[in-house]
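coords_1.csv (CSV, C-alpha atoms)
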chain,number,residue,atom,x,y,z
Q,1,MET,CA,-1.5,39.0,59.2
Q,2,LYS,CA,-4.4,39.4,56.8
Q,3,LYS,CA,-2.3,41.3,54.3
Q,4,THR,CA,0.4,38.7,54.5
Q,5,PHE,CA,-2.1,35.9,53.8
Q,6,LEU,CA,-3.7,37.9,50.9
Q,7,LEU,CA,-0.2,38.4,49.4
Q,8,ALA,CA,0.5,34.7,49.6
Q,9,LEU,CA,-2.8,33.9,47.8
Q,10,CYS,CA,-1.9,36.3,45.0
Q,11,LEU,CA,1.5,34.8,44.6
Q,12,LEU,CA,0.1,31.3,44.5
Q,13,ALA,CA,-2.6,32.3,41.9
Q,14,ALA,CA,0.1,33.9,39.8
Q,15,ALA,CA,2.3,30.8,39.9
Q,16,CYS,CA,-0.7,28.6,39.0
Q,17,GLN,CA,-1.6,30.8,36.1
Q,18,GLN,CA,2.0,30.8,34.9
Q,19,ASN,CA,2.3,27.0,35.0
Q,20,SER,CA,-1.2,26.0,34.3
Q,21,PRO,CA,-1.1,23.1,31.8
Q,22,SER,CA,-4.5,24.0,30.4
Q,23,GLN,CA,-3.1,27.4,29.3
Q,24,TRP,CA,0.2,26.4,27.7
Q,25,LEU,CA,-1.3,23.2,26.2
Q,26,GLN,CA,-3.8,25.3,24.3
Q,27,GLY,CA,-1.3,27.9,23.1
Q,28,ASP,CA,-0.9,31.6,23.7
Q,29,GLU,CA,-2.9,33.6,21.2
Q,30,SER,CA,-0.5,36.5,21.6
Q,31,THR,CA,2.5,34.4,20.5
Q,32,PRO,CA,3.7,35.4,17.0
Q,33,THR,CA,3.0,32.6,14.5
Q,34,GLY,CA,5.5,30.6,12.6
Q,35,THR,CA,5.2,29.0,9.2
Q,36,LEU,CA,6.1,25.4,8.4
Q,37,LEU,CA,7.1,24.2,4.9
Q,38,ILE,CA,6.4,20.5,4.7
Q,39,ASN,CA,8.5,18.5,2.3
Q,40,LEU,CA,7.9,14.8,1.9
Q,41,ILE,CA,10.8,12.4,1.4
Q,42,LEU,CA,9.2,9.4,-0.4
Q,43,PRO,CA,10.5,5.9,-0.7
Q,44,GLY,CA,11.9,5.8,-4.2
Q,45,SER,CA,10.3,3.0,-6.1
Q,46,PRO,CA,9.7,2.6,-9.9
Q,47,SER,CA,6.4,2.1,-11.6
Q,48,THR,CA,5.5,-1.6,-11.4
Q,49,LYS,CA,2.5,-3.8,-12.2
Q,50,VAL,CA,-0.2,-5.0,-9.9
Q,51,MET,CA,-2.4,-7.6,-11.5
Q,52,GLY,CA,-1.4,-6.3,-14.9
Q,53,THR,CA,-2.1,-2.6,-14.1
Q,54,ALA,CA,0.6,0.0,-14.2
Q,55,THR,CA,1.0,1.9,-11.0
Q,56,ASP,CA,3.4,4.1,-9.1
Q,57,GLU,CA,4.0,2.7,-5.6
Q,58,SER,CA,5.1,6.1,-4.3
Q,59,ALA,CA,2.2,8.1,-5.7
Q,60,VAL,CA,0.8,10.8,-3.5
Q,61,ASN,CA,-2.9,11.2,-4.0
Q,62,THR,CA,-3.8,12.8,-0.6
Q,63,LEU,CA,-1.8,14.3,2.2
Q,64,GLN,CA,-2.8,15.2,5.7
Q,65,ILE,CA,-0.4,17.0,8.1
Q,66,PHE,CA,-1.0,17.0,11.9
Q,67,VAL,CA,1.0,19.4,14.1
Q,68,PHE,CA,1.1,18.5,17.8
Q,69,LYS,CA,2.7,20.4,20.7
Q,70,ASP,CA,5.9,18.5,21.6
Q,71,ILE,CA,5.3,18.4,25.4
Q,72,SER,CA,6.0,14.8,26.4
Q,73,SER,CA,8.0,12.0,24.8
Q,74,SER,CA,6.7,9.4,27.3
Q,75,ASP,CA,3.0,10.4,27.2
Q,76,PRO,CA,1.8,11.3,23.7
Q,77,SER,CA,-1.6,12.0,25.0
Q,78,GLN,CA,-0.2,15.3,26.3
Q,79,ASN,CA,0.9,16.3,22.9
Q,80,ILE,CA,-2.4,18.0,21.9
Q,81,LYS,CA,-3.2,18.9,18.3
Q,82,GLU,CA,-2.4,22.5,17.3
Q,83,THR,CA,-3.5,22.3,13.7
Q,84,ASP,CA,-3.9,20.0,10.7
Q,85,LYS,CA,-4.2,20.5,7.0
Q,86,TRP,CA,-5.5,18.3,4.2
Q,87,SER,CA,-4.4,18.3,0.5
Q,88,SER,CA,-5.7,16.2,-2.4
Q,89,ASP,CA,-3.8,17.8,-5.3
Q,90,GLY,CA,-1.0,15.2,-5.3
Q,91,SER,CA,1.6,17.6,-4.0
Q,92,THR,CA,4.5,16.5,-1.8
Q,93,THR,CA,4.9,19.9,-0.3
Q,94,LEU,CA,2.6,21.9,1.9
Q,95,THR,CA,2.7,25.2,3.8
Q,96,LEU,CA,0.9,25.8,7.0
Q,97,ASN,CA,0.9,28.4,9.8
Q,98,THR,CA,1.4,27.3,13.4
Q,99,TYR,CA,2.6,28.8,16.7
Q,100,VAL,CA,6.3,28.9,17.5
Q,101,GLY,CA,8.0,26.3,19.7
Q,102,LYS,CA,8.6,22.6,19.7
Q,103,LYS,CA,6.3,20.5,17.6
Q,104,LYS,CA,5.7,16.9,16.6
Q,105,VAL,CA,4.6,16.8,13.0
Q,106,TRP,CA,3.0,13.8,11.3
Q,107,ALA,CA,2.3,13.1,7.6
Q,108,LEU,CA,-0.4,10.7,6.5
Q,109,VAL,CA,-0.3,9.9,2.8
Q,110,ASN,CA,-3.2,8.3,0.9
Q,111,ALA,CA,-5.1,7.7,4.1
Q,112,PRO,CA,-8.8,8.6,4.7
Q,113,ARG,CA,-9.3,12.1,6.1
Q,114,LEU,CA,-9.0,11.7,9.9
Q,115,ALA,CA,-9.4,13.7,13.1
Q,116,PHE,CA,-7.3,13.4,16.3
Q,117,ALA,CA,-7.2,15.5,19.4
Q,118,ASN,CA,-3.7,14.4,20.4
Q,119,GLU,CA,-0.7,12.4,19.2
Q,120,GLN,CA,-1.7,9.3,21.2
Q,121,GLU,CA,-4.9,9.0,19.2
Q,122,LEU,CA,-3.0,9.2,15.9
Q,123,ILE,CA,-0.3,6.7,16.6
Q,124,THR,CA,-2.8,4.1,18.1
Q,125,HIS,CA,-5.3,4.4,15.2
Q,126,TYR,CA,-5.5,1.3,13.1
Q,127,SER,CA,-5.5,1.4,9.3
Q,128,MET,CA,-7.4,-1.3,7.5
Q,129,LEU,CA,-5.9,-3.1,4.5
Q,130,GLU,CA,-8.8,-2.2,2.2
Q,131,GLU,CA,-7.8,1.5,2.5
Q,132,ASN,CA,-5.0,0.6,0.1
Q,133,SER,CA,-5.3,0.0,-3.6
Q,134,ALA,CA,-2.9,-0.6,-6.5
Q,135,THR,CA,-2.8,3.1,-7.0
Q,136,ASN,CA,-3.2,4.3,-3.4
Q,137,LEU,CA,-0.7,2.8,-1.0
Q,138,LEU,CA,-0.7,4.3,2.6
Q,139,MET,CA,2.5,5.9,3.9
Q,140,THR,CA,3.2,7.6,7.2
Q,141,GLY,CA,6.1,9.5,8.8
Q,142,SER,CA,6.8,12.0,11.5
Q,143,THR,CA,9.5,14.5,12.7
Q,144,SER,CA,10.2,16.7,15.7
Q,145,ILE,CA,11.0,20.3,14.9
Q,146,GLU,CA,11.4,23.7,16.5
Q,147,VAL,CA,9.2,26.3,14.8
Q,148,SER,CA,10.8,29.8,14.6
Q,149,GLU,CA,9.0,33.1,14.5
Q,150,TYR,CA,8.0,34.3,11.0
Q,151,ASN,CA,6.3,37.5,10.1
Q,152,THR,CA,6.4,38.7,6.5
Q,153,ALA,CA,5.1,42.1,7.3
Q,154,ALA,CA,7.8,42.8,9.8
Q,155,THR,CA,10.4,40.7,7.9
Q,156,VAL,CA,11.0,38.7,11.0
Q,157,GLY,CA,12.6,35.2,10.8
Q,158,ALA,CA,12.2,32.6,8.1
Q,159,VAL,CA,9.9,29.8,7.1
Q,160,THR,CA,10.8,26.6,9.1
Q,161,PRO,CA,11.6,23.7,6.8
Q,162,ALA,CA,10.1,20.4,7.9
Q,163,PRO,CA,11.3,17.4,5.8
Q,164,ILE,CA,9.3,14.3,6.7
Q,165,VAL,CA,10.4,10.8,5.6
Q,166,VAL,CA,7.3,8.6,4.9
Q,167,SER,CA,7.3,4.9,4.4
Q,168,HIS,CA,4.7,2.3,3.4
Q,169,LEU,CA,2.6,0.8,6.1
Q,170,GLY,CA,2.3,-2.4,4.1
Q,171,ALA,CA,4.7,-4.9,2.5
Q,172,ARG,CA,4.8,-6.0,-1.1
Q,173,ILE,CA,4.9,-9.6,-2.3
Q,174,SER,CA,5.8,-10.1,-6.0
Q,175,VAL,CA,5.9,-13.2,-8.2
Q,176,ARG,CA,8.1,-13.1,-11.3
Q,177,ASN,CA,9.5,-16.1,-13.2
Q,178,VAL,CA,7.9,-19.5,-13.2
Q,179,ASN,CA,9.6,-22.4,-15.0
Q,180,VAL,CA,8.5,-26.0,-15.5
Q,181,ASP,CA,11.1,-28.8,-15.6
Q,182,TYR,CA,9.5,-32.2,-15.6
Q,183,SER,CA,12.3,-33.9,-17.4
Q,184,GLY,CA,13.1,-37.4,-16.3
Q,185,THR,CA,9.8,-37.7,-14.4
Q,186,SER,CA,6.4,-39.2,-15.3
Q,187,LEU,CA,5.3,-35.6,-16.1
Q,188,GLU,CA,7.8,-35.1,-18.9
Q,189,GLY,CA,6.2,-33.3,-21.8
Q,190,CYS,CA,3.5,-31.8,-19.6
Q,191,TYR,CA,2.5,-28.2,-19.4
Q,192,PHE,CA,1.5,-26.2,-16.3
Q,193,ASP,CA,-1.3,-23.8,-16.9
Q,194,VAL,CA,-1.4,-21.0,-14.3
Q,195,LYS,CA,-5.0,-20.2,-13.3
Q,196,GLU,CA,-4.6,-17.8,-10.3
Q,197,VAL,CA,-2.3,-16.5,-7.6
Q,198,TYR,CA,-3.5,-15.2,-4.3
Q,199,VAL,CA,-2.6,-14.6,-0.6
Q,200,LEU,CA,-3.9,-16.3,2.5
Q,201,ASN,CA,-3.5,-15.4,6.2
Q,202,ALA,CA,-3.3,-11.6,5.6
Q,203,VAL,CA,-3.3,-9.5,8.8
Q,204,ASN,CA,-5.9,-6.8,8.0
Q,205,SER,CA,-4.8,-3.9,10.1
Q,206,VAL,CA,-1.7,-2.0,11.4
Q,207,ARG,CA,-1.3,1.1,13.6
Q,208,LEU,CA,-0.5,4.4,11.8
Q,209,ASP,CA,2.9,4.5,13.6
Q,210,GLY,CA,3.7,1.1,12.0
Q,211,THR,CA,3.2,-1.0,15.1
Q,212,SER,CA,2.0,-4.5,14.1
Q,213,ARG,CA,-0.7,-6.6,15.7
Q,214,THR,CA,0.8,-8.7,18.5
Q,215,VAL,CA,0.9,-12.5,18.6
Q,216,SER,CA,-1.9,-12.3,21.2
Q,217,GLU,CA,-4.1,-10.1,19.0
Q,218,LEU,CA,-3.7,-12.5,16.1
Q,219,GLY,CA,-5.7,-15.0,18.2
Q,220,SER,CA,-8.8,-13.0,17.1
Q,221,SER,CA,-10.3,-13.9,13.7
Q,222,SER,CA,-11.4,-10.3,13.3
Q,223,ASN,CA,-7.7,-9.3,12.6
Q,224,TRP,CA,-7.3,-11.7,9.6
Q,225,TYR,CA,-8.4,-11.8,6.0
Q,226,ASN,CA,-8.4,-15.2,4.1
Q,227,LEU,CA,-7.5,-17.2,7.2
Q,228,GLU,CA,-6.3,-20.5,5.7
Q,229,ALA,CA,-8.8,-20.1,2.8
Q,230,TRP,CA,-9.9,-17.5,0.3
Q,231,ASN,CA,-12.9,-15.6,1.7
Q,232,GLU,CA,-15.3,-13.9,-0.8
Q,233,GLY,CA,-16.6,-11.9,2.2
Q,234,VAL,CA,-13.3,-9.9,2.4
Q,235,PRO,CA,-13.9,-6.2,1.6
Q,236,ALA,CA,-13.6,-5.5,-2.1
Q,237,GLY,CA,-10.6,-3.2,-1.7
Q,238,ALA,CA,-8.6,-5.9,0.1
Q,239,LYS,CA,-9.5,-8.6,-2.5
Q,240,GLY,CA,-8.1,-6.4,-5.2
Q,241,ILE,CA,-4.6,-6.4,-3.7
Q,242,LEU,CA,-4.7,-10.0,-2.2
Q,243,GLY,CA,-5.4,-12.0,-5.3
Q,244,ASP,CA,-5.5,-12.4,-9.0
Q,245,ARG,CA,-8.4,-14.9,-9.4
Q,246,GLY,CA,-9.9,-16.5,-12.4
Q,247,ASN,CA,-8.0,-18.0,-15.3
Q,248,LEU,CA,-4.8,-16.1,-16.1
Q,249,GLY,CA,-4.4,-18.2,-19.2
Q,250,ILE,CA,-0.6,-18.5,-18.8
Q,251,SER,CA,0.8,-21.8,-20.1
Q,252,ILE,CA,4.3,-23.0,-19.1
Q,253,GLY,CA,6.0,-26.1,-20.6
Q,254,PRO,CA,8.7,-27.6,-22.6
Q,255,THR,CA,8.1,-25.4,-25.6
Q,256,THR,CA,7.2,-22.1,-23.8
Q,257,GLY,CA,10.1,-22.0,-21.3
Q,258,THR,CA,10.0,-19.6,-18.3
Q,259,GLN,CA,7.0,-17.3,-18.0
Q,260,ASP,CA,7.1,-13.9,-16.2
Q,261,LEU,CA,3.9,-13.7,-14.1
Q,262,ASN,CA,4.7,-10.2,-13.1
Q,263,ARG,CA,2.1,-10.2,-10.2
Q,264,PHE,CA,2.3,-7.9,-7.2
Q,265,PHE,CA,0.3,-8.1,-4.0
Q,266,TYR,CA,0.2,-5.9,-0.9
Q,267,VAL,CA,-0.2,-7.0,2.8
Q,268,TYR,CA,0.1,-5.6,6.2
Q,269,PRO,CA,2.9,-6.7,8.6
Q,270,ASN,CA,2.7,-10.1,10.3
Q,271,VAL,CA,4.7,-10.8,13.5
Q,272,SER,CA,4.1,-14.5,13.1
Q,273,THR,CA,7.3,-16.7,12.6
Q,274,ALA,CA,8.0,-20.3,11.8
Q,275,GLU,CA,8.2,-21.0,15.6
Q,276,ASN,CA,4.5,-20.1,16.1
Q,277,ASP,CA,3.2,-21.1,12.7
Q,278,ASN,CA,0.2,-23.4,12.3
Q,279,THR,CA,-2.7,-24.3,9.9
Q,280,GLU,CA,-5.5,-24.8,12.4
Q,281,ALA,CA,-8.9,-23.4,11.7
Q,282,THR,CA,-8.9,-21.5,15.0
Q,283,ALA,CA,-7.4,-18.1,14.7
Q,284,SER,CA,-3.9,-17.7,16.0
Q,285,ALA,CA,-0.4,-16.6,14.9
Q,286,ARG,CA,0.6,-18.1,11.5
Q,287,LEU,CA,2.6,-17.2,8.4
Q,288,THR,CA,1.2,-15.3,5.5
Q,289,ARG,CA,1.1,-17.6,2.4
Q,290,LEU,CA,1.0,-17.2,-1.3
Q,291,ILE,CA,-0.9,-19.8,-3.3
Q,292,LEU,CA,-0.1,-20.7,-6.9
Q,293,HIS,CA,-3.0,-22.6,-8.5
Q,294,GLY,CA,-2.9,-24.2,-11.9
Q,295,TYR,CA,-3.3,-27.4,-14.0
Q,296,VAL,CA,-0.9,-30.1,-15.2
Q,297,ARG,CA,-1.9,-31.2,-18.6
Q,298,GLY,CA,-0.7,-32.8,-21.8
Q,299,ALA,CA,0.9,-36.1,-21.0
Q,300,ALA,CA,-0.5,-39.6,-21.3
Q,301,GLY,CA,-1.7,-41.0,-18.0
Q,302,ARG,CA,-2.0,-37.5,-16.5
Q,303,ASN,CA,-5.6,-36.6,-17.4
Q,304,GLN,CA,-4.4,-35.2,-20.7
Q,305,GLY,CA,-6.6,-32.5,-22.4
Q,306,ASP,CA,-6.5,-29.4,-24.5
Q,307,ASN,CA,-7.3,-26.9,-21.7
Q,308,ALA,CA,-7.2,-26.3,-18.0
Q,309,ALA,CA,-10.6,-27.9,-17.5
Q,310,HIS,CA,-9.2,-31.2,-18.6
Q,311,GLY,CA,-6.0,-31.0,-16.7
Q,312,GLU,CA,-5.0,-32.2,-13.2
Q,313,GLU,CA,-5.5,-29.5,-10.6
Q,314,SER,CA,-2.4,-28.5,-8.7
Q,315,PHE,CA,-1.7,-26.1,-5.8
Q,316,PHE,CA,1.6,-24.8,-4.5
Q,317,CYS,CA,2.0,-23.0,-1.2
Q,318,PHE,CA,4.8,-20.5,-0.4
Q,319,ASP,CA,5.4,-19.2,3.1
Q,320,ILE,CA,6.3,-15.5,3.3
Q,321,PRO,CA,9.0,-14.7,4.2
Q,322,LYS,CA,9.8,-18.4,4.3
Q,323,SER,CA,9.2,-21.2,6.7
Q,324,SER,CA,12.9,-21.7,7.7
Q,325,SER,CA,13.8,-18.1,8.3
Q,326,GLY,CA,12.1,-17.5,11.7
Q,327,ALA,CA,11.6,-13.9,10.5
Q,328,SER,CA,8.4,-11.9,10.5
Q,329,LEU,CA,6.8,-10.1,7.6
Q,330,GLU,CA,7.8,-6.4,7.9
Q,331,ARG,CA,6.2,-3.1,6.8
Q,332,ASN,CA,7.9,-1.1,4.0
Q,333,HIS,CA,9.7,-4.3,2.8
Q,334,THR,CA,9.5,-6.1,-0.5
Q,335,TYR,CA,9.4,-9.9,-0.7
Q,336,ASP,CA,10.2,-10.8,-4.3
Q,337,ILE,CA,9.8,-14.3,-5.6
Q,338,GLU,CA,12.1,-14.0,-8.5
Q,339,ASN,CA,12.1,-17.6,-9.7
Q,340,ILE,CA,9.9,-20.7,-9.1
Q,341,THR,CA,11.0,-23.9,-10.8
Q,342,ILE,CA,8.3,-26.6,-10.8
Q,343,THR,CA,9.5,-30.2,-11.0
Q,344,MET,CA,6.6,-32.1,-9.4
Q,345,PRO,CA,2.9,-31.9,-9.0
Q,346,GLY,CA,1.4,-29.8,-6.2
Q,347,GLY,CA,-1.4,-30.5,-3.7
Q,348,ILE,CA,-4.9,-31.4,-4.8
Q,349,SER,CA,-6.5,-28.3,-3.1
Q,350,ASP,CA,-5.6,-25.2,-1.2
Q,351,SER,CA,-6.8,-26.7,2.1
Q,352,PRO,CA,-4.1,-27.1,4.8
Q,353,ALA,CA,-4.4,-30.9,4.7
Q,354,ASN,CA,-3.9,-31.1,1.0
Q,355,ARG,CA,-1.5,-28.3,0.0
Q,356,PRO,CA,2.2,-29.2,0.6
Q,357,LYS,CA,4.5,-26.4,1.7
Q,358,PHE,CA,7.9,-26.2,0.1
Q,359,GLY,CA,10.9,-25.1,2.0
Q,360,LYS,CA,13.8,-25.5,-0.4
Q,361,VAL,CA,14.6,-21.9,-0.7
Q,362,SER,CA,17.7,-19.8,-1.7
Q,363,ALA,CA,17.3,-16.3,-0.4
Q,364,THR,CA,19.4,-13.2,-0.5
Q,365,VAL,CA,18.8,-9.9,1.3
Q,366,THR,CA,19.8,-6.6,-0.2
Q,367,VAL,CA,18.9,-3.0,0.4
Q,368,GLY,CA,15.8,-2.3,-1.6
Q,369,GLU,CA,13.9,0.8,-2.6
Q,370,TRP,CA,11.2,0.2,0.0
Q,371,GLY,CA,13.8,0.2,2.8
Q,372,GLY,CA,14.1,-3.6,2.7
Q,373,HIS,CA,14.2,-6.2,0.0
Q,374,THR,CA,14.2,-10.0,0.2
Q,375,THR,CA,14.7,-12.1,-2.9
Q,376,LEU,CA,13.3,-15.6,-2.7
Q,377,THR,CA,13.9,-18.5,-5.1
Q,378,TYR,CA,11.9,-21.7,-4.9
Q,379,GLU,CA,12.7,-25.1,-6.5
Q,380,LEU,CA,9.9,-27.6,-6.0
Now, as a test, write the supplied structure out as structure tokens.
Amino acid sequence: MKKTFLLALCLLAAACQQNSPSQWLQGDESTPTGTLLINLILPGSPSTKVMGTATDESAVNTLQIFVFKDISSSDPSQNIKETDKWSSDGSTTLTLNTYVGKKKVWALVNAPRLAFANEQELITHYSMLEENSATNLLMTGSTSIEVSEYNTAATVGAVTPAPIVVSHLGARISVRNVNVDYSGTSLEGCYFDVKEVYVLNAVNSVRLDGTSRTVSELGSSSNWYNLEAWNEGVPAGAKGILGDRGNLGISIGPTTGTQDLNRFFYVYPNVSTAENDNTEATASARLTRLILHGYVRGAAGRNQGDNAAHGEESFFCFDIPKSSSGASLERNHTYDIENITITMPGGISDSPANRPKFGKVSATVTVGEWGGHTTLTYEL
């Protein structure tokens, strides 16, 4: 009886050892290693201008690769980190050694150097908008892969290719052509001097897996930058991609025709839609907005003068994507305002009570280089 009981204990111990999560989660040191060859697939986008500065929106400045064991699709916390590797040489390829078997591989491009114990920690980590800049836009992507055995000395197997498609965490808002047509109105003969362009109601964070802040989370003011007003307290990095402030010195009128502002701004996704939009001071879901600020000058009876300081201040507010669409602002998507035609004065300030919103919009959607592209045309 004692021998039978002892045998049962031995069998139970062997079974536990064989199936112990702590052992196979940590990896078997005796397992031959494999080699991963990472190859990034970047969103193809041409060099553009952000506030007058040339930049490549798909530039890779830093790259960090995380390899997790692919144990559970329903509980990423079980997918513990096996290895990670950091590169700052601008390369889009990277080679690293890992154990054989099923893996979940993540690529973080242009992000701060980070540390995660498992996949759950990575996908739920929030990136802040100020981590981006005109020349350093964050991109992420992942892939599931089976790593094969590879041993150069024994000429066993081959390097496992791991192509990873990465996409921008943010969205781009661009402003191109602005035209003034005051003909037949009391403003005929006037000029519109553009002073500045900037973004209000910018959600300031998004998860590394691209998941946006929820409508409920947008009830916290800590998740917004420039909530209904420009805030000089916003981190410097965010200010650089949310606004072109000061006097741009661009004059548009009967003799100058259409002017190309060629301004680009970057924001994080916003799940707010027209249905839950508002302009109250208390934080809640609302649309991201672009403000065009300038001066009407040059005609009798309209505070005529020789410069913007003597003109009549005028603000125009544009909802992004647009107030009538019911759509949210998506990551890896461009919202390009190709044409604005001004036929009337704007609001007297950028406060919600005094800035009229304009909804006469003609929009077309085409496949763009960022994965999505919406063209907006405004006639005011």
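Comparing Q:Gly189, Q:Gly253, Q:Pro352, Q:Pro43 by their smallest distance to Glu280 (chain Q), the closest is Q:Pro352 (using all atoms listed in the file).
With CA of Val206 (chain Q) on one side and CA of Glu228 (chain Q) on the other, the separation reads 19.9 Å.
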Report task. Identify, on the basis of only C-alpha atoms, every residue whose closest approach to His125 (chain Q) does not exceed 10 Å; exclude the query and any residue fewer than 4 positions from it along the same chain; express the result as number ranges by chain. Result -> Q: 114, 116, 120-121, 205-209
Atoms kept (C-alpha atoms) for selection, written as a PDB file, in the coordinates of the input:
ATOM      1  CA  LEU Q 114      -9.000  11.700   9.900  1.00  0.00           C
ATOM      2  CA  PHE Q 116      -7.300  13.400  16.300  1.00  0.00           C
ATOM      3  CA  GLN Q 120      -1.700   9.300  21.200  1.00  0.00           C
ATOM      4  CA  GLU Q 121      -4.900   9.000  19.200  1.00  0.00           C
ATOM      5  CA  SER Q 205      -4.800  -3.900  10.100  1.00  0.00           C
ATOM      6  CA  VAL Q 206      -1.700  -2.000  11.400  1.00  0.00           C
ATOM      7  CA  ARG Q 207      -1.300   1.100  13.600  1.00  0.00           C
ATOM      8  CA  LEU Q 208      -0.500   4.400  11.800  1.00  0.00           C
ATOM      9  CA  ASP Q 209       2.900   4.500  13.600  1.00  0.00           C
TER      10      ASP Q 209
END
Name all residues at most 10 Å from Lys102 (chain Q) (count all atoms listed in the file; drop same-chain ones fewer than 2 positions away) and give them as an mmCIF file with C-alpha atoms, keeping the file's coordinate frame.
data_model
loop_
_atom_site.group_PDB
_atom_site.id
_atom_site.type_symbol
_atom_site.label_atom_id
_atom_site.label_comp_id
_atom_site.auth_asym_id
_atom_site.auth_seq_id
_atom_site.Cartn_x
_atom_site.Cartn_y
_atom_site.Cartn_z
ATOM 1 C CA VAL Q 67 1.000 19.400 14.100
ATOM 2 C CA PHE Q 68 1.100 18.500 17.800
ATOM 3 C CA LYS Q 69 2.700 20.400 20.700
ATOM 4 C CA ASP Q 70 5.900 18.500 21.600
ATOM 5 C CA ILE Q 71 5.300 18.400 25.400
ATOM 6 C CA TYR Q 99 2.600 28.800 16.700
ATOM 7 C CA VAL Q 100 6.300 28.900 17.500
ATOM 8 C CA LYS Q 104 5.700 16.900 16.600
ATOM 9 C CA VAL Q 105 4.600 16.800 13.000
ATOM 10 C CA SER Q 144 10.200 16.700 15.700
ATOM 11 C CA ILE Q 145 11.000 20.300 14.900
ATOM 12 C CA GLU Q 146 11.400 23.700 16.500
ATOM 13 C CA VAL Q 147 9.200 26.300 14.800
ATOM 14 C CA SER Q 148 10.800 29.800 14.600
#
Near Lys239 (chain Q), counting all atoms listed in the file, which residues have an atom at most 12 Å away, once you skip same-chain residues fewer than 6 positions from it, shown as a PDB file with C-alpha atoms, in the coordinates of the input?
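Dumped everything to result-v1.pdb:
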ATOM      1  CA  MET Q  51      -2.400  -7.600 -11.500  1.00  0.00           C
ATOM      2  CA  LEU Q 129      -5.900  -3.100   4.500  1.00  0.00           C
ATOM      3  CA  GLU Q 130      -8.800  -2.200   2.200  1.00  0.00           C
ATOM      4  CA  GLU Q 131      -7.800   1.500   2.500  1.00  0.00           C
ATOM      5  CA  ASN Q 132      -5.000   0.600   0.100  1.00  0.00           C
ATOM      6  CA  SER Q 133      -5.300   0.000  -3.600  1.00  0.00           C
ATOM      7  CA  ALA Q 134      -2.900  -0.600  -6.500  1.00  0.00           C
ATOM      8  CA  VAL Q 197      -2.300 -16.500  -7.600  1.00  0.00           C
ATOM      9  CA  TYR Q 198      -3.500 -15.200  -4.300  1.00  0.00           C
ATOM     10  CA  VAL Q 199      -2.600 -14.600  -0.600  1.00  0.00           C
ATOM     11  CA  LEU Q 200      -3.900 -16.300   2.500  1.00  0.00           C
ATOM     12  CA  ALA Q 202      -3.300 -11.600   5.600  1.00  0.00           C
ATOM     13  CA  ASN Q 204      -5.900  -6.800   8.000  1.00  0.00           C
ATOM     14  CA  TYR Q 225      -8.400 -11.800   6.000  1.00  0.00           C
ATOM     15  CA  ASN Q 226      -8.400 -15.200   4.100  1.00  0.00           C
ATOM     16  CA  TRP Q 230      -9.900 -17.500   0.300  1.00  0.00           C
ATOM     17  CA  ASN Q 231     -12.900 -15.600   1.700  1.00  0.00           C
ATOM     18  CA  GLU Q 232     -15.300 -13.900  -0.800  1.00  0.00           C
ATOM     19  CA  GLY Q 233     -16.600 -11.900   2.200  1.00  0.00           C
ATOM     20  CA  ARG Q 245      -8.400 -14.900  -9.400  1.00  0.00           C
ATOM     21  CA  PHE Q 265       0.300  -8.100  -4.000  1.00  0.00           C
ATOM     22  CA  TYR Q 266       0.200  -5.900  -0.900  1.00  0.00           C
ATOM     23  CA  VAL Q 267      -0.200  -7.000   2.800  1.00  0.00           C
TER      24      VAL Q 267
END
Query - Selected residue, from Q:Leu261, Q:Leu42, Q:Val234, Q:Val159, that lies nearest to Met139 (chain Q) when counting all atoms listed in the file - result: Q:Leu42
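Atom pair CA of Met128 (chain Q) / CA of Tyr268 (chain Q): separated by 8.7 Å.
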Which residues of region 317-351 of chain Q come within 10 Å of region 169-176 of chain Q, and what is each one's closest atom pair and distance in Å (one decimal), counting all atoms listed in the file, sorted by chain and residue number, as JSON lines?
{"residue": "Q:Ile320", "atom": "CA", "partner": "Q:Ile173", "partner_atom": "CA", "distance": 8.3}
{"residue": "Q:Pro321", "atom": "CA", "partner": "Q:Ile173", "partner_atom": "CA", "distance": 9.2}
{"residue": "Q:Leu329", "atom": "CA", "partner": "Q:Ala171", "partner_atom": "CA", "distance": 7.6}
{"residue": "Q:Glu330", "atom": "CA", "partner": "Q:Ala171", "partner_atom": "CA", "distance": 6.4}
{"residue": "Q:Arg331", "atom": "CA", "partner": "Q:Gly170", "partner_atom": "CA", "distance": 4.8}
{"residue": "Q:Asn332", "atom": "CA", "partner": "Q:Ala171", "partner_atom": "CA", "distance": 5.2}
{"residue": "Q:His333", "atom": "CA", "partner": "Q:Ala171", "partner_atom": "CA", "distance": 5.0}
{"residue": "Q:Thr334", "atom": "CA", "partner": "Q:Arg172", "partner_atom": "CA", "distance": 4.7}
{"residue": "Q:Tyr335", "atom": "CA", "partner": "Q:Ile173", "partner_atom": "CA", "distance": 4.8}
{"residue": "Q:Asp336", "atom": "CA", "partner": "Q:Ser174", "partner_atom": "CA", "distance": 4.8}
{"residue": "Q:Ile337", "atom": "CA", "partner": "Q:Val175", "partner_atom": "CA", "distance": 4.8}
{"residue": "Q:Glu338", "atom": "CA", "partner": "Q:Arg176", "partner_atom": "CA", "distance": 5.0}
{"residue": "Q:Asn339", "atom": "CA", "partner": "Q:Arg176", "partner_atom": "CA", "distance": 6.2}
{"residue": "Q:Ile340", "atom": "CA", "partner": "Q:Arg176", "partner_atom": "CA", "distance": 8.1}
Query - All residues 8 Å or closer to Thr282 (chain Q), all atoms listed in the file, same chain fewer than 2 positions away omitted, as a ChimeraX atom specification - result: /Q:219,221,280,284
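CA of Thr160 (chain Q) is found 9.8 Å from CA of Thr95 (chain Q).
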